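A short worksheet on the structure shown next.
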Amino acid sequence: MLANKCWQTLSRYSVCCVAFCICLVISFKSLASTQLQSRWQQIESLGKNQSVYFYAWGGDAQINAYIQWAAQQVKTKYNINLVHVKLSDTSEAVSRVLAEKSANNNDKGSVDLIWINGANFATMSEHSLLLKQWANKLPNFSYTDPSNNPAVNFDFGIPTNGMEAPWGQASLTFYYDSLAIDGTANNTLPTTLNQLLSWSTKNPGRFSYPKPPDFLGMSFLKYALVMLHQQSDDTLKAQLNQPATAQNTAQVLSPLWDFLNKLHPTLWRDGSHFMQSGAQMRRLVGDTELSIAFTFSAPEVPAAVKRYDLPKSIRSYAMQDGSLSNTHFVAIPYNASHQQGAQLVANFLLSPEAQAQKQKAPIWGDKSVLIQSTLTPQQQALFKTTQPHPSALPLNSIKRTLSEPHPSWVSAIMQGWQARYGVSQ
Amino acid sequence: MSVVSNKLAASPALKPHKSADMFSKLVKLSPRFLLALLILPVIGGLISVLLPAFGYAPVLEHTTLGLHGFTMLMQTPGLTHMVMLSVGTGLISTLLAFVITLMILAAFFNSPWLNRIQRLLSPILVIPHAAAAIAVGFLIAPSGMISRLVSPWFSGWELAPNGMFPHDSFGISIILGLTLKELPFLLLMALGVLAQPELGKKLRQQHKVALNLGYCPMTAFFKVILPSLYPLLRLPILAVLAYASASVEMPLILGPNTPPTLAVAIMHWFNDVDLNLRIKASAGALLQFVLTGGLLALWLGGEKTIKALFSDLLTNGEREYGGVYWQKITTVLTVFVIGFILLSLIGLIMWSVAGFWRFPAALPEQLTLLHFKSALMQMQNPLFNTLAIGLVTTLFAIIITLLCLESEQLSAKPMSRFTSLIIYLPLLVPSIAFLFGLVWLQQLVNNQAAFLNVVFTHLLFVLPYVFLSLASSYRRLDPRFAHVAASLGATPCKVFLHVKLPQLFAPILIAAALGLAISFGQYLPTLLAGGGRIATITTEAVTLANGASRRTSAVYAIMQMALPLIGFILAWVLPKYFFKSAHR
């Protein structure tokens, strides 16, 4: 009897206790979410009407037009005046923030938002030049499914720690002039790195890559480096994901130099002059000076054909031995004058509306970072595409993605390249 | 005390005594202001480059003086090559432009062809360097117009051949671009000198006398005209030489990059992520300064040598040096130059409206206005910046120039040789050497006012041209008008505004158009002083020149040409409707 009563009381208590705990958890959760919400409301109210200076590479008319579209959108949404500061190299913005920091300008920086990834991000995060823990609190960040999608939290293997909001994804895609590469015995389409070398030997002057430190030229060298180490033993291969040091550099890079020594004499202008950028490389394909080229933004190829910048005979494909892939981001410098406005813009750039617009081939064609399953059917409908263009990369052609080596390899390759090939003999 | 102000002081009817004083004071101060405006930024900029070059850069936590920067510079691979490239392209292009100018002048002196050539070439003057480089690039590339005109019927090329130009490692493309761009400038400068009423008349008469004495026309020019003409051409030539040895736009678009010219390399170092490279860049800027100075000295030395070697030739009585052949060579050369320029302009216009245009077709498959439409959409903001900066800068330059020239007349004392030389200072000191220092200073003073910084920096380059353009007309103005007005009791201010300015309406507009053209064409000053924030048509054009779309960059280059051209057309048309009576 007594035991029974005891048990009853006990169970009543425990029910109460459990209920209390549930209440507590719920209220905490709602507290936290209301905190997040109120944080965002505060950002919204402060960020409205600001002028946001967006430092982004400005060499592509299509991308510039997209940024202009985004500027109009945030103007109507938040009355934000988004100014695109067109860079020819992102490092210009990095050096600007560095210069401001060294001049003790800690809150009136001129850069509000910056388009960045890889080595520039590594430099900025190493010197603590970026605003921390904001990107993962953006309302639209949840559409990227961050818990199941590590790509949005790592930039070239370095954790972003909320310093960068993902903006798009890219894979190295090749394209060629089908009238120039006609499939005859000495002129078949190269689909691996080694075939590329032998094709270029048979067809001298028809291939080249942009001069490092150009991003795309660097990417080609990294693709070659990763491919050349496919057969290496695991300890050597693992060095690619470690920082480059004085000890490992020579050993890791020697296959690359061997390869380039063979490749360079077969290149455009015998490898004595290199183009400045991927954009210039595309123009040379349009001029029929080059027959094969590559890009990190596959949809720019059909878009360029539609704008007459490339001939109709252009076709896209992915290398069979693998495609280098990465995500690109926007970041806010620690001393940005308009941090709230910049966050509003970054959040807008992550919205399904902006991402769908960006993914459309005629607009920009940059692959979205949003995960479709997190979106509502209406939002998913925004991403529906029409008939693919004949010059576009066929669906599912990327069979194997290669991840980027550690960013420190960029400067190691750069220095070695400059010393070997930067000065014509 | 001048006659005018003596009269003023004597006149009891002088009402607005105070304002007259104010105006006179303002006028009196303006030459000093002009000097300060030109000297301080250039010298300040040079010092701000000098200090980091010797290792003093507190912001980079370097405070020990030393030769560290120079050591770094000397260890740069390919430095000799860079220096050779800068020296070679600068010297050869200036020499070529100068020699061809002389040949054209000599061959066509006193012939109606000279005016026709002038009319054909003078629009080239307003084309900014970047646009000219783009146009030349279109022409000489392996897939360019020349190659298309001979393919495939003659050359058999179905795909663009492996070519050498542009970007050849000897800088031939740069030389070609610079020569074509500087040739019209020197020619127009020379024609401007010959158009001076007294000097021109005297020279033409002397030329005639020489012809009557049996000298062949070309010989007559070299023996009679050149010795009087050259001293007046010296400064423009030196400015061309200084520019050519240190410019950035042409080598950036046409030059090689393994390695580039010194000036381009310096620009890359200044922009590098690694801030320590700025020390090396500062040392490089000093090297550029010495290099350009050396080239100027070399030119002046060459002048002396030639004078010493050939002065006997002037009086040896020899009348003929194969003049007929030289005449023919010059005609061919002139046709070649004009044809080259026309062909590159035609190519530029065709690219701007071309649909598909695969090599080796000489004409586009279809024409479209798409590129103009999309470019104009993106162009609004840069266009506004270009115009705003140009107008503010030019207005300011004209006001200060007028005040300085007025002060010269009020004090009845011509400007000192020193002042005249200082006006040329920003054109003689390589801009890459002092601009970075200047930007550094501007950042210390006001970091945020990018627009003002750009206007101020443009002023350094606009002022000299506006001054040169206005000075001769102002000095030529008949002083009797002013005397009459003053004797009727007009204040100096009134004389200036109501008597002098209306008479100068046409020259002022020409100077304004020239000032606008110079401002529109500035690349490095806009980029640096604006911190990249202020986009103009020119900065966009240079960015796009190395970009993807030949068609879009053609549209930008055309815009770059159209803007100054509109300015000159206005300057030519407006005086026909306003102050007509004053227009002579």
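Chains: A, B, ... in order of the structure tokens. Residues: from 1 per chain. Ligands: from 1, in order shown.
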
List as a VMD selection string the protein and nucleic acid residues near stretch 365-375 of chain A, meaning an atom at most 9 Å away when only C-alpha atoms are counted, but skip any in the same chain fewer than 4 places from it. chain A and resid 141 to 145 149 151 to 152 166 to 170 297 to 300 303 327 350 to 352 355 to 361 379 to 380

Could you write those residues out with N, CA, C and O atoms, as a CSV table (one decimal), in the first residue's frame?
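See selection38.csv below for the written result:
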chain,number,residue,atom,x,y,z
A,141,PHE,N,21.5,30.4,-44.4
A,141,PHE,CA,22.6,29.4,-44.3
A,141,PHE,C,22.0,28.0,-44.1
A,141,PHE,O,22.6,27.1,-44.6
A,142,SER,N,20.9,27.9,-43.5
A,142,SER,CA,20.3,26.6,-43.2
A,142,SER,C,20.0,25.8,-44.5
A,142,SER,O,19.9,24.6,-44.5
A,143,TYR,N,19.7,26.6,-45.6
A,143,TYR,CA,19.4,25.9,-46.9
A,143,TYR,C,20.6,25.1,-47.4
A,143,TYR,O,20.5,24.4,-48.4
A,144,THR,N,21.8,25.4,-46.9
A,144,THR,CA,23.0,24.7,-47.4
A,144,THR,C,23.2,23.3,-46.7
A,144,THR,O,24.1,22.6,-47.0
A,145,ASP,N,22.3,23.0,-45.8
A,145,ASP,CA,22.3,21.8,-45.0
A,145,ASP,C,23.7,21.6,-44.4
A,145,ASP,O,24.4,20.6,-44.7
A,149,ASN,N,26.7,18.7,-45.1
A,149,ASN,CA,27.4,19.2,-46.3
A,149,ASN,C,28.7,19.9,-45.9
A,149,ASN,O,28.7,21.1,-45.8
A,151,ALA,N,31.2,20.8,-47.3
A,151,ALA,CA,31.8,21.7,-48.3
A,151,ALA,C,31.6,23.2,-48.0
A,151,ALA,O,32.4,24.0,-48.3
A,152,VAL,N,30.5,23.5,-47.3
A,152,VAL,CA,30.2,24.9,-47.0
A,152,VAL,C,30.9,25.4,-45.8
A,152,VAL,O,30.9,26.6,-45.5
A,166,PRO,N,29.0,30.7,-48.1
A,166,PRO,CA,29.2,30.1,-49.4
A,166,PRO,C,28.4,30.8,-50.4
A,166,PRO,O,27.3,31.4,-50.1
A,167,TRP,N,28.9,30.9,-51.6
A,167,TRP,CA,28.2,31.6,-52.7
A,167,TRP,C,28.0,30.7,-53.9
A,167,TRP,O,27.0,30.8,-54.6
A,168,GLY,N,28.9,29.8,-54.2
A,168,GLY,CA,28.8,29.0,-55.4
A,168,GLY,C,29.8,27.8,-55.4
A,168,GLY,O,30.7,27.8,-54.6
A,169,GLN,N,29.6,26.9,-56.4
A,169,GLN,CA,30.5,25.8,-56.5
A,169,GLN,C,31.1,25.7,-57.8
A,169,GLN,O,30.4,26.0,-58.8
A,170,ALA,N,32.3,25.2,-57.9
A,170,ALA,CA,32.9,25.1,-59.2
A,170,ALA,C,33.7,23.8,-59.4
A,170,ALA,O,34.3,23.3,-58.4
A,297,SER,N,33.9,27.7,-64.3
A,297,SER,CA,32.4,27.9,-64.3
A,297,SER,C,31.9,27.4,-65.6
A,297,SER,O,31.8,28.1,-66.6
A,298,ALA,N,31.5,26.1,-65.6
A,298,ALA,CA,31.1,25.4,-66.8
A,298,ALA,C,30.0,26.2,-67.6
A,298,ALA,O,30.1,26.3,-68.9
A,299,PRO,N,29.0,26.8,-67.0
A,299,PRO,CA,27.9,27.4,-67.8
A,299,PRO,C,28.4,28.7,-68.5
A,299,PRO,O,27.6,29.2,-69.3
A,300,GLU,N,29.6,29.2,-68.2
A,300,GLU,CA,30.0,30.4,-68.9
A,300,GLU,C,30.2,30.1,-70.4
A,300,GLU,O,30.2,31.0,-71.2
A,303,ALA,N,27.0,30.3,-72.4
A,303,ALA,CA,26.6,31.8,-72.4
A,303,ALA,C,27.5,32.6,-73.3
A,303,ALA,O,27.0,33.5,-74.0
A,327,THR,N,34.5,25.3,-53.5
A,327,THR,CA,33.4,26.2,-53.2
A,327,THR,C,34.0,27.6,-53.1
A,327,THR,O,35.1,27.7,-52.6
A,350,LEU,N,22.6,34.2,-50.6
A,350,LEU,CA,22.3,32.8,-50.3
A,350,LEU,C,20.9,32.4,-50.5
A,350,LEU,O,20.5,31.3,-50.3
A,351,SER,N,20.0,33.4,-50.8
A,351,SER,CA,18.6,33.1,-50.8
A,351,SER,C,18.3,32.2,-52.1
A,351,SER,O,19.0,32.3,-53.1
A,352,PRO,N,17.3,31.3,-52.0
A,352,PRO,CA,16.9,30.5,-53.2
A,352,PRO,C,16.7,31.3,-54.4
A,352,PRO,O,17.1,31.0,-55.5
A,355,GLN,N,20.2,32.5,-55.7
A,355,GLN,CA,21.0,31.3,-56.1
A,355,GLN,C,20.4,30.7,-57.4
A,355,GLN,O,21.1,30.3,-58.3
A,356,ALA,N,19.1,30.7,-57.5
A,356,ALA,CA,18.4,30.2,-58.7
A,356,ALA,C,18.8,31.1,-59.9
A,356,ALA,O,19.1,30.6,-61.0
A,357,GLN,N,18.7,32.4,-59.7
A,357,GLN,CA,19.0,33.3,-60.7
A,357,GLN,C,20.4,33.1,-61.2
A,357,GLN,O,20.7,33.1,-62.4
A,358,LYS,N,21.4,32.9,-60.2
A,358,LYS,CA,22.8,32.7,-60.6
A,358,LYS,C,23.0,31.4,-61.3
A,358,LYS,O,23.9,31.4,-62.2
A,359,GLN,N,22.2,30.4,-61.0
A,359,GLN,CA,22.5,29.1,-61.7
A,359,GLN,C,22.0,29.1,-63.1
A,359,GLN,O,22.4,28.2,-63.9
A,360,LYS,N,21.1,30.0,-63.5
A,360,LYS,CA,20.6,30.0,-64.8
A,360,LYS,C,21.7,30.3,-65.8
A,360,LYS,O,22.5,31.2,-65.7
A,361,ALA,N,21.8,29.4,-66.8
A,361,ALA,CA,22.9,29.5,-67.8
A,361,ALA,C,23.0,30.9,-68.4
A,361,ALA,O,24.1,31.4,-68.6
A,379,GLN,N,10.2,26.9,-54.0
A,379,GLN,CA,11.6,27.3,-54.1
A,379,GLN,C,12.4,26.4,-55.1
A,379,GLN,O,13.2,26.9,-55.9
A,380,GLN,N,12.1,25.1,-55.0
A,380,GLN,CA,12.8,24.2,-56.0
A,380,GLN,C,12.4,24.5,-57.4
A,380,GLN,O,13.2,24.3,-58.3

What are the residues of chain B lining chain A at 7 Å or less? Count only C-alpha atoms, and put the answer as a ChimeraX atom specification. /B:59-60,77-78,143,159-162,256-259,271-273,275,355-356,358-359,378,532-533,543-544,546-550

Those same residues, written as a PDB file, in the first residue's frame with N, CA and C atoms?
ATOM      1  N   VAL B  59      54.562  51.582 -40.871  1.00  0.00           N
ATOM      2  CA  VAL B  59      53.355  50.753 -40.922  1.00  0.00           C
ATOM      3  C   VAL B  59      53.683  49.286 -41.144  1.00  0.00           C
ATOM      4  N   LEU B  60      54.820  49.016 -41.750  1.00  0.00           N
ATOM      5  CA  LEU B  60      55.223  47.625 -41.949  1.00  0.00           C
ATOM      6  C   LEU B  60      56.184  47.177 -40.851  1.00  0.00           C
ATOM      7  N   PRO B  77      64.503  38.005 -60.273  1.00  0.00           N
ATOM      8  CA  PRO B  77      64.914  37.392 -61.537  1.00  0.00           C
ATOM      9  C   PRO B  77      64.411  38.215 -62.715  1.00  0.00           C
ATOM     10  N   GLY B  78      65.281  38.417 -63.691  1.00  0.00           N
ATOM     11  CA  GLY B  78      64.863  39.107 -64.905  1.00  0.00           C
ATOM     12  C   GLY B  78      64.860  40.619 -64.807  1.00  0.00           C
ATOM     13  N   SER B 143      45.207  36.436 -85.089  1.00  0.00           N
ATOM     14  CA  SER B 143      43.850  36.337 -85.619  1.00  0.00           C
ATOM     15  C   SER B 143      43.307  37.711 -85.977  1.00  0.00           C
ATOM     16  N   LEU B 159      43.032  28.103 -89.333  1.00  0.00           N
ATOM     17  CA  LEU B 159      43.027  28.508 -87.931  1.00  0.00           C
ATOM     18  C   LEU B 159      44.084  29.597 -87.770  1.00  0.00           C
ATOM     19  N   ALA B 160      43.916  30.412 -86.731  1.00  0.00           N
ATOM     20  CA  ALA B 160      44.892  31.482 -86.527  1.00  0.00           C
ATOM     21  C   ALA B 160      46.283  30.871 -86.396  1.00  0.00           C
ATOM     22  N   PRO B 161      47.278  31.443 -87.076  1.00  0.00           N
ATOM     23  CA  PRO B 161      48.620  30.860 -87.029  1.00  0.00           C
ATOM     24  C   PRO B 161      49.287  31.096 -85.674  1.00  0.00           C
ATOM     25  N   ASN B 162      50.399  30.428 -85.464  1.00  0.00           N
ATOM     26  CA  ASN B 162      51.212  30.732 -84.285  1.00  0.00           C
ATOM     27  C   ASN B 162      51.936  32.033 -84.560  1.00  0.00           C
ATOM     28  N   PRO B 256      55.029  41.897 -73.237  1.00  0.00           N
ATOM     29  CA  PRO B 256      55.282  40.549 -72.736  1.00  0.00           C
ATOM     30  C   PRO B 256      55.078  40.493 -71.219  1.00  0.00           C
ATOM     31  N   ASN B 257      55.013  39.300 -70.654  1.00  0.00           N
ATOM     32  CA  ASN B 257      54.878  39.223 -69.191  1.00  0.00           C
ATOM     33  C   ASN B 257      55.843  38.242 -68.549  1.00  0.00           C
ATOM     34  N   THR B 258      56.795  37.743 -69.325  1.00  0.00           N
ATOM     35  CA  THR B 258      57.829  36.910 -68.699  1.00  0.00           C
ATOM     36  C   THR B 258      59.199  37.455 -69.042  1.00  0.00           C
ATOM     37  N   PRO B 259      59.674  38.518 -68.477  1.00  0.00           N
ATOM     38  CA  PRO B 259      59.034  39.418 -67.525  1.00  0.00           C
ATOM     39  C   PRO B 259      58.384  40.598 -68.226  1.00  0.00           C
ATOM     40  N   ASN B 271      50.759  46.113 -55.596  1.00  0.00           N
ATOM     41  CA  ASN B 271      49.437  45.542 -55.370  1.00  0.00           C
ATOM     42  C   ASN B 271      49.495  44.163 -54.744  1.00  0.00           C
ATOM     43  N   ASP B 272      50.692  43.655 -54.456  1.00  0.00           N
ATOM     44  CA  ASP B 272      50.779  42.273 -53.989  1.00  0.00           C
ATOM     45  C   ASP B 272      50.240  42.128 -52.571  1.00  0.00           C
ATOM     46  N   VAL B 273      49.755  40.912 -52.286  1.00  0.00           N
ATOM     47  CA  VAL B 273      49.265  40.620 -50.936  1.00  0.00           C
ATOM     48  C   VAL B 273      50.385  40.806 -49.921  1.00  0.00           C
ATOM     49  N   LEU B 275      52.833  42.541 -48.165  1.00  0.00           N
ATOM     50  CA  LEU B 275      53.096  43.973 -48.025  1.00  0.00           C
ATOM     51  C   LEU B 275      54.588  44.283 -48.044  1.00  0.00           C
ATOM     52  N   GLY B 355      28.544  39.756 -84.715  1.00  0.00           N
ATOM     53  CA  GLY B 355      27.983  38.512 -84.191  1.00  0.00           C
ATOM     54  C   GLY B 355      29.094  37.479 -84.249  1.00  0.00           C
ATOM     55  N   PHE B 356      28.767  36.254 -84.731  1.00  0.00           N
ATOM     56  CA  PHE B 356      29.840  35.277 -84.907  1.00  0.00           C
ATOM     57  C   PHE B 356      30.810  35.804 -85.949  1.00  0.00           C
ATOM     58  N   ARG B 358      34.229  34.127 -87.063  1.00  0.00           N
ATOM     59  CA  ARG B 358      35.289  33.155 -86.892  1.00  0.00           C
ATOM     60  C   ARG B 358      36.444  33.469 -87.841  1.00  0.00           C
ATOM     61  N   PHE B 359      37.673  33.256 -87.334  1.00  0.00           N
ATOM     62  CA  PHE B 359      38.830  33.351 -88.207  1.00  0.00           C
ATOM     63  C   PHE B 359      38.648  32.334 -89.337  1.00  0.00           C
ATOM     64  N   GLN B 378      25.821  48.449 -68.191  1.00  0.00           N
ATOM     65  CA  GLN B 378      26.785  48.395 -67.077  1.00  0.00           C
ATOM     66  C   GLN B 378      27.593  49.664 -66.971  1.00  0.00           C
ATOM     67  N   GLY B 532      40.666  51.907 -56.152  1.00  0.00           N
ATOM     68  CA  GLY B 532      39.884  50.930 -56.890  1.00  0.00           C
ATOM     69  C   GLY B 532      38.390  51.153 -56.759  1.00  0.00           C
ATOM     70  N   ARG B 533      37.997  52.146 -55.942  1.00  0.00           N
ATOM     71  CA  ARG B 533      36.574  52.334 -55.705  1.00  0.00           C
ATOM     72  C   ARG B 533      35.903  53.115 -56.814  1.00  0.00           C
ATOM     73  N   THR B 543      40.674  46.881 -67.564  1.00  0.00           N
ATOM     74  CA  THR B 543      40.327  45.600 -66.940  1.00  0.00           C
ATOM     75  C   THR B 543      39.770  44.641 -67.986  1.00  0.00           C
ATOM     76  N   LEU B 544      38.892  45.164 -68.850  1.00  0.00           N
ATOM     77  CA  LEU B 544      38.246  44.293 -69.829  1.00  0.00           C
ATOM     78  C   LEU B 544      39.173  43.928 -70.984  1.00  0.00           C
ATOM     79  N   ASN B 546      42.044  42.755 -70.974  1.00  0.00           N
ATOM     80  CA  ASN B 546      42.634  41.441 -70.773  1.00  0.00           C
ATOM     81  C   ASN B 546      41.560  40.424 -70.449  1.00  0.00           C
ATOM     82  N   GLY B 547      40.307  40.777 -70.695  1.00  0.00           N
ATOM     83  CA  GLY B 547      39.202  39.909 -70.340  1.00  0.00           C
ATOM     84  C   GLY B 547      38.710  39.085 -71.502  1.00  0.00           C
ATOM     85  N   ALA B 548      37.491  38.602 -71.350  1.00  0.00           N
ATOM     86  CA  ALA B 548      37.011  37.564 -72.241  1.00  0.00           C
ATOM     87  C   ALA B 548      36.517  38.091 -73.569  1.00  0.00           C
ATOM     88  N   SER B 549      35.832  39.222 -73.551  1.00  0.00           N
ATOM     89  CA  SER B 549      35.082  39.575 -74.737  1.00  0.00           C
ATOM     90  C   SER B 549      35.759  40.682 -75.517  1.00  0.00           C
ATOM     91  N   ARG B 550      36.243  40.328 -76.690  1.00  0.00           N
ATOM     92  CA  ARG B 550      36.812  41.312 -77.603  1.00  0.00           C
ATOM     93  C   ARG B 550      35.738  42.327 -77.958  1.00  0.00           C
TER      94      ARG B 550
END

Just want the 10 Å neighbourhood of B:His207, counted on only C-alpha atoms, with same-chain residues fewer than 2 positions away dropped. Output as a list in words.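 Within the cut-off, the hits are Phe109, Asn110, Lys201, Lys202, Leu203, Arg204, Gln205, Val209, Ala210, Leu211, Asn212, Leu213, Tyr215, Pro217, Met218, Thr219, Ala220, Phe221, Phe222, Lys223, Val224 and Ile225 of chain B.
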
Taking the chain letters and numbering used in this document, name the residues of stretch 363-434 of chain B that DSSP puts in alpha helix (DSSP H), as a PDB file with C-alpha atoms, in the first residue's frame.
ATOM      1  CA  LEU B 370      23.783  43.416 -78.350  1.00  0.00           C
ATOM      2  CA  HIS B 371      27.271  44.380 -77.132  1.00  0.00           C
ATOM      3  CA  PHE B 372      26.421  48.067 -77.087  1.00  0.00           C
ATOM      4  CA  LYS B 373      23.183  47.368 -75.258  1.00  0.00           C
ATOM      5  CA  SER B 374      24.715  45.222 -72.545  1.00  0.00           C
ATOM      6  CA  ALA B 375      27.752  47.465 -72.171  1.00  0.00           C
ATOM      7  CA  LEU B 376      25.650  50.607 -71.888  1.00  0.00           C
ATOM      8  CA  MET B 377      23.636  48.920 -69.140  1.00  0.00           C
ATOM      9  CA  GLN B 378      26.785  48.395 -67.077  1.00  0.00           C
ATOM     10  CA  MET B 379      28.361  51.642 -68.067  1.00  0.00           C
ATOM     11  CA  GLN B 380      26.136  54.147 -66.267  1.00  0.00           C
ATOM     12  CA  ASN B 381      28.112  54.418 -63.086  1.00  0.00           C
ATOM     13  CA  PRO B 382      31.596  54.526 -64.663  1.00  0.00           C
ATOM     14  CA  LEU B 383      30.270  57.009 -67.207  1.00  0.00           C
ATOM     15  CA  PHE B 384      28.953  59.272 -64.479  1.00  0.00           C
ATOM     16  CA  ASN B 385      32.272  59.054 -62.594  1.00  0.00           C
ATOM     17  CA  THR B 386      34.264  59.757 -65.737  1.00  0.00           C
ATOM     18  CA  LEU B 387      32.235  62.852 -66.549  1.00  0.00           C
ATOM     19  CA  ALA B 388      32.040  64.150 -62.979  1.00  0.00           C
ATOM     20  CA  ILE B 389      35.780  63.792 -62.358  1.00  0.00           C
ATOM     21  CA  GLY B 390      36.629  65.232 -65.753  1.00  0.00           C
ATOM     22  CA  LEU B 391      34.361  68.248 -65.390  1.00  0.00           C
ATOM     23  CA  VAL B 392      35.396  69.142 -61.834  1.00  0.00           C
ATOM     24  CA  THR B 393      39.097  68.711 -62.618  1.00  0.00           C
ATOM     25  CA  THR B 394      38.963  70.655 -65.858  1.00  0.00           C
ATOM     26  CA  LEU B 395      36.918  73.488 -64.391  1.00  0.00           C
ATOM     27  CA  PHE B 396      39.399  73.859 -61.578  1.00  0.00           C
ATOM     28  CA  ALA B 397      42.377  73.649 -63.921  1.00  0.00           C
ATOM     29  CA  ILE B 398      40.928  76.320 -66.211  1.00  0.00           C
ATOM     30  CA  ILE B 399      40.136  78.708 -63.365  1.00  0.00           C
ATOM     31  CA  ILE B 400      43.599  78.480 -61.872  1.00  0.00           C
ATOM     32  CA  THR B 401      45.267  78.727 -65.274  1.00  0.00           C
ATOM     33  CA  LEU B 402      43.279  81.842 -66.162  1.00  0.00           C
ATOM     34  CA  LEU B 403      44.097  83.452 -62.836  1.00  0.00           C
ATOM     35  CA  CYS B 404      47.797  82.717 -63.287  1.00  0.00           C
ATOM     36  CA  LEU B 405      47.842  84.128 -66.792  1.00  0.00           C
ATOM     37  CA  GLU B 406      45.935  87.177 -65.615  1.00  0.00           C
ATOM     38  CA  SER B 407      48.463  87.715 -62.858  1.00  0.00           C
ATOM     39  CA  GLU B 408      51.177  87.608 -65.503  1.00  0.00           C
ATOM     40  CA  GLN B 409      49.421  90.425 -67.369  1.00  0.00           C
ATOM     41  CA  LEU B 410      48.530  92.455 -64.277  1.00  0.00           C
ATOM     42  CA  ARG B 417      61.632  79.878 -66.549  1.00  0.00           C
ATOM     43  CA  PHE B 418      61.434  77.985 -63.287  1.00  0.00           C
ATOM     44  CA  THR B 419      57.643  78.197 -63.164  1.00  0.00           C
ATOM     45  CA  SER B 420      57.317  77.152 -66.798  1.00  0.00           C
ATOM     46  CA  LEU B 421      59.470  74.126 -66.084  1.00  0.00           C
ATOM     47  CA  ILE B 422      57.513  73.223 -62.947  1.00  0.00           C
ATOM     48  CA  ILE B 423      54.295  73.122 -64.959  1.00  0.00           C
ATOM     49  CA  LEU B 425      57.007  68.493 -63.680  1.00  0.00           C
ATOM     50  CA  PRO B 426      54.167  65.947 -63.432  1.00  0.00           C
ATOM     51  CA  LEU B 427      54.778  65.034 -67.067  1.00  0.00           C
ATOM     52  CA  LEU B 428      58.530  64.584 -66.650  1.00  0.00           C
ATOM     53  CA  SER B 431      53.951  58.842 -62.529  1.00  0.00           C
ATOM     54  CA  ILE B 432      54.592  55.356 -61.208  1.00  0.00           C
ATOM     55  CA  ALA B 433      57.464  56.805 -59.149  1.00  0.00           C
ATOM     56  CA  PHE B 434      55.491  59.402 -57.246  1.00  0.00           C
TER      57      PHE B 434
END

Distance of atom CA of A:Gln41 from atom CA of A:Lys75, expressed in Å to one decimal place: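 Separation of atom CA of A:Lys75 and atom CA of A:Gln41: 17.8 Å.
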
Quick one: residues within 12 Å of B:Thr80, only C-alpha atoms, excluding same-chain residues fewer than 5 positions away - as a PyMOL selection string? (chain A and resi 423-424) or (chain B and resi 73-75+85-88+259-262+287)

List the neighbours of A:Gln133 out to 9 Å using only C-alpha atoms; skip same-chain residues closer than 5 positions along the sequence, and give me the result as a compact mmCIF listing (two decimals) with C-alpha atoms, in the first residue's frame.
# COMPACT_ATOMS: atom_id res chain seq x y z
CA THR A 160 35.73 28.68 -42.20
CA ASN A 161 34.49 29.19 -38.59
CA GLY A 162 31.58 31.25 -39.81
CA MET A 163 33.90 33.77 -41.46
CA GLU A 164 32.65 33.05 -44.97

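Between atom CA of A:His389 and atom CA of A:Thr401 lies a distance of 23.4 Å.
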
I'd like the contact shell of A:Thr173 - 8 Å cut-off, only C-alpha atoms, skipping same-chain residues fewer than 5 positions apart - returned as a PyMOL selection string. chain A and resi 294-298+316-319+323+393

Same residues, N, CA and C atoms, saved as a compact mmCIF listing (two decimals), in the first residue's frame:
# COMPACT_ATOMS: atom_id res chain seq x y z
N PHE A 294 40.01 25.67 -70.49
CA PHE A 294 39.26 25.16 -69.34
C PHE A 294 38.73 26.32 -68.53
N THR A 295 37.76 26.03 -67.68
CA THR A 295 37.13 27.07 -66.87
C THR A 295 36.67 26.45 -65.56
N PHE A 296 36.45 27.31 -64.57
CA PHE A 296 35.89 26.81 -63.33
C PHE A 296 34.38 27.01 -63.28
N SER A 297 33.85 27.65 -64.32
CA SER A 297 32.43 27.92 -64.30
C SER A 297 31.85 27.41 -65.61
N ALA A 298 31.47 26.12 -65.61
CA ALA A 298 31.07 25.45 -66.85
C ALA A 298 30.02 26.21 -67.64
N SER A 316 31.76 21.27 -74.44
CA SER A 316 32.35 21.15 -73.10
C SER A 316 32.49 19.69 -72.70
N TYR A 317 33.47 19.39 -71.88
CA TYR A 317 33.59 18.04 -71.33
C TYR A 317 34.41 18.07 -70.05
N ALA A 318 34.34 16.98 -69.30
CA ALA A 318 35.14 16.89 -68.07
C ALA A 318 36.23 15.85 -68.29
N MET A 319 37.41 16.10 -67.74
CA MET A 319 38.51 15.14 -67.85
C MET A 319 38.11 13.83 -67.15
N SER A 323 38.15 15.87 -61.83
CA SER A 323 37.94 17.31 -61.94
C SER A 323 38.18 17.95 -60.58
N LEU A 393 28.07 21.69 -70.73
CA LEU A 393 28.59 20.42 -70.21
C LEU A 393 27.42 19.45 -70.05
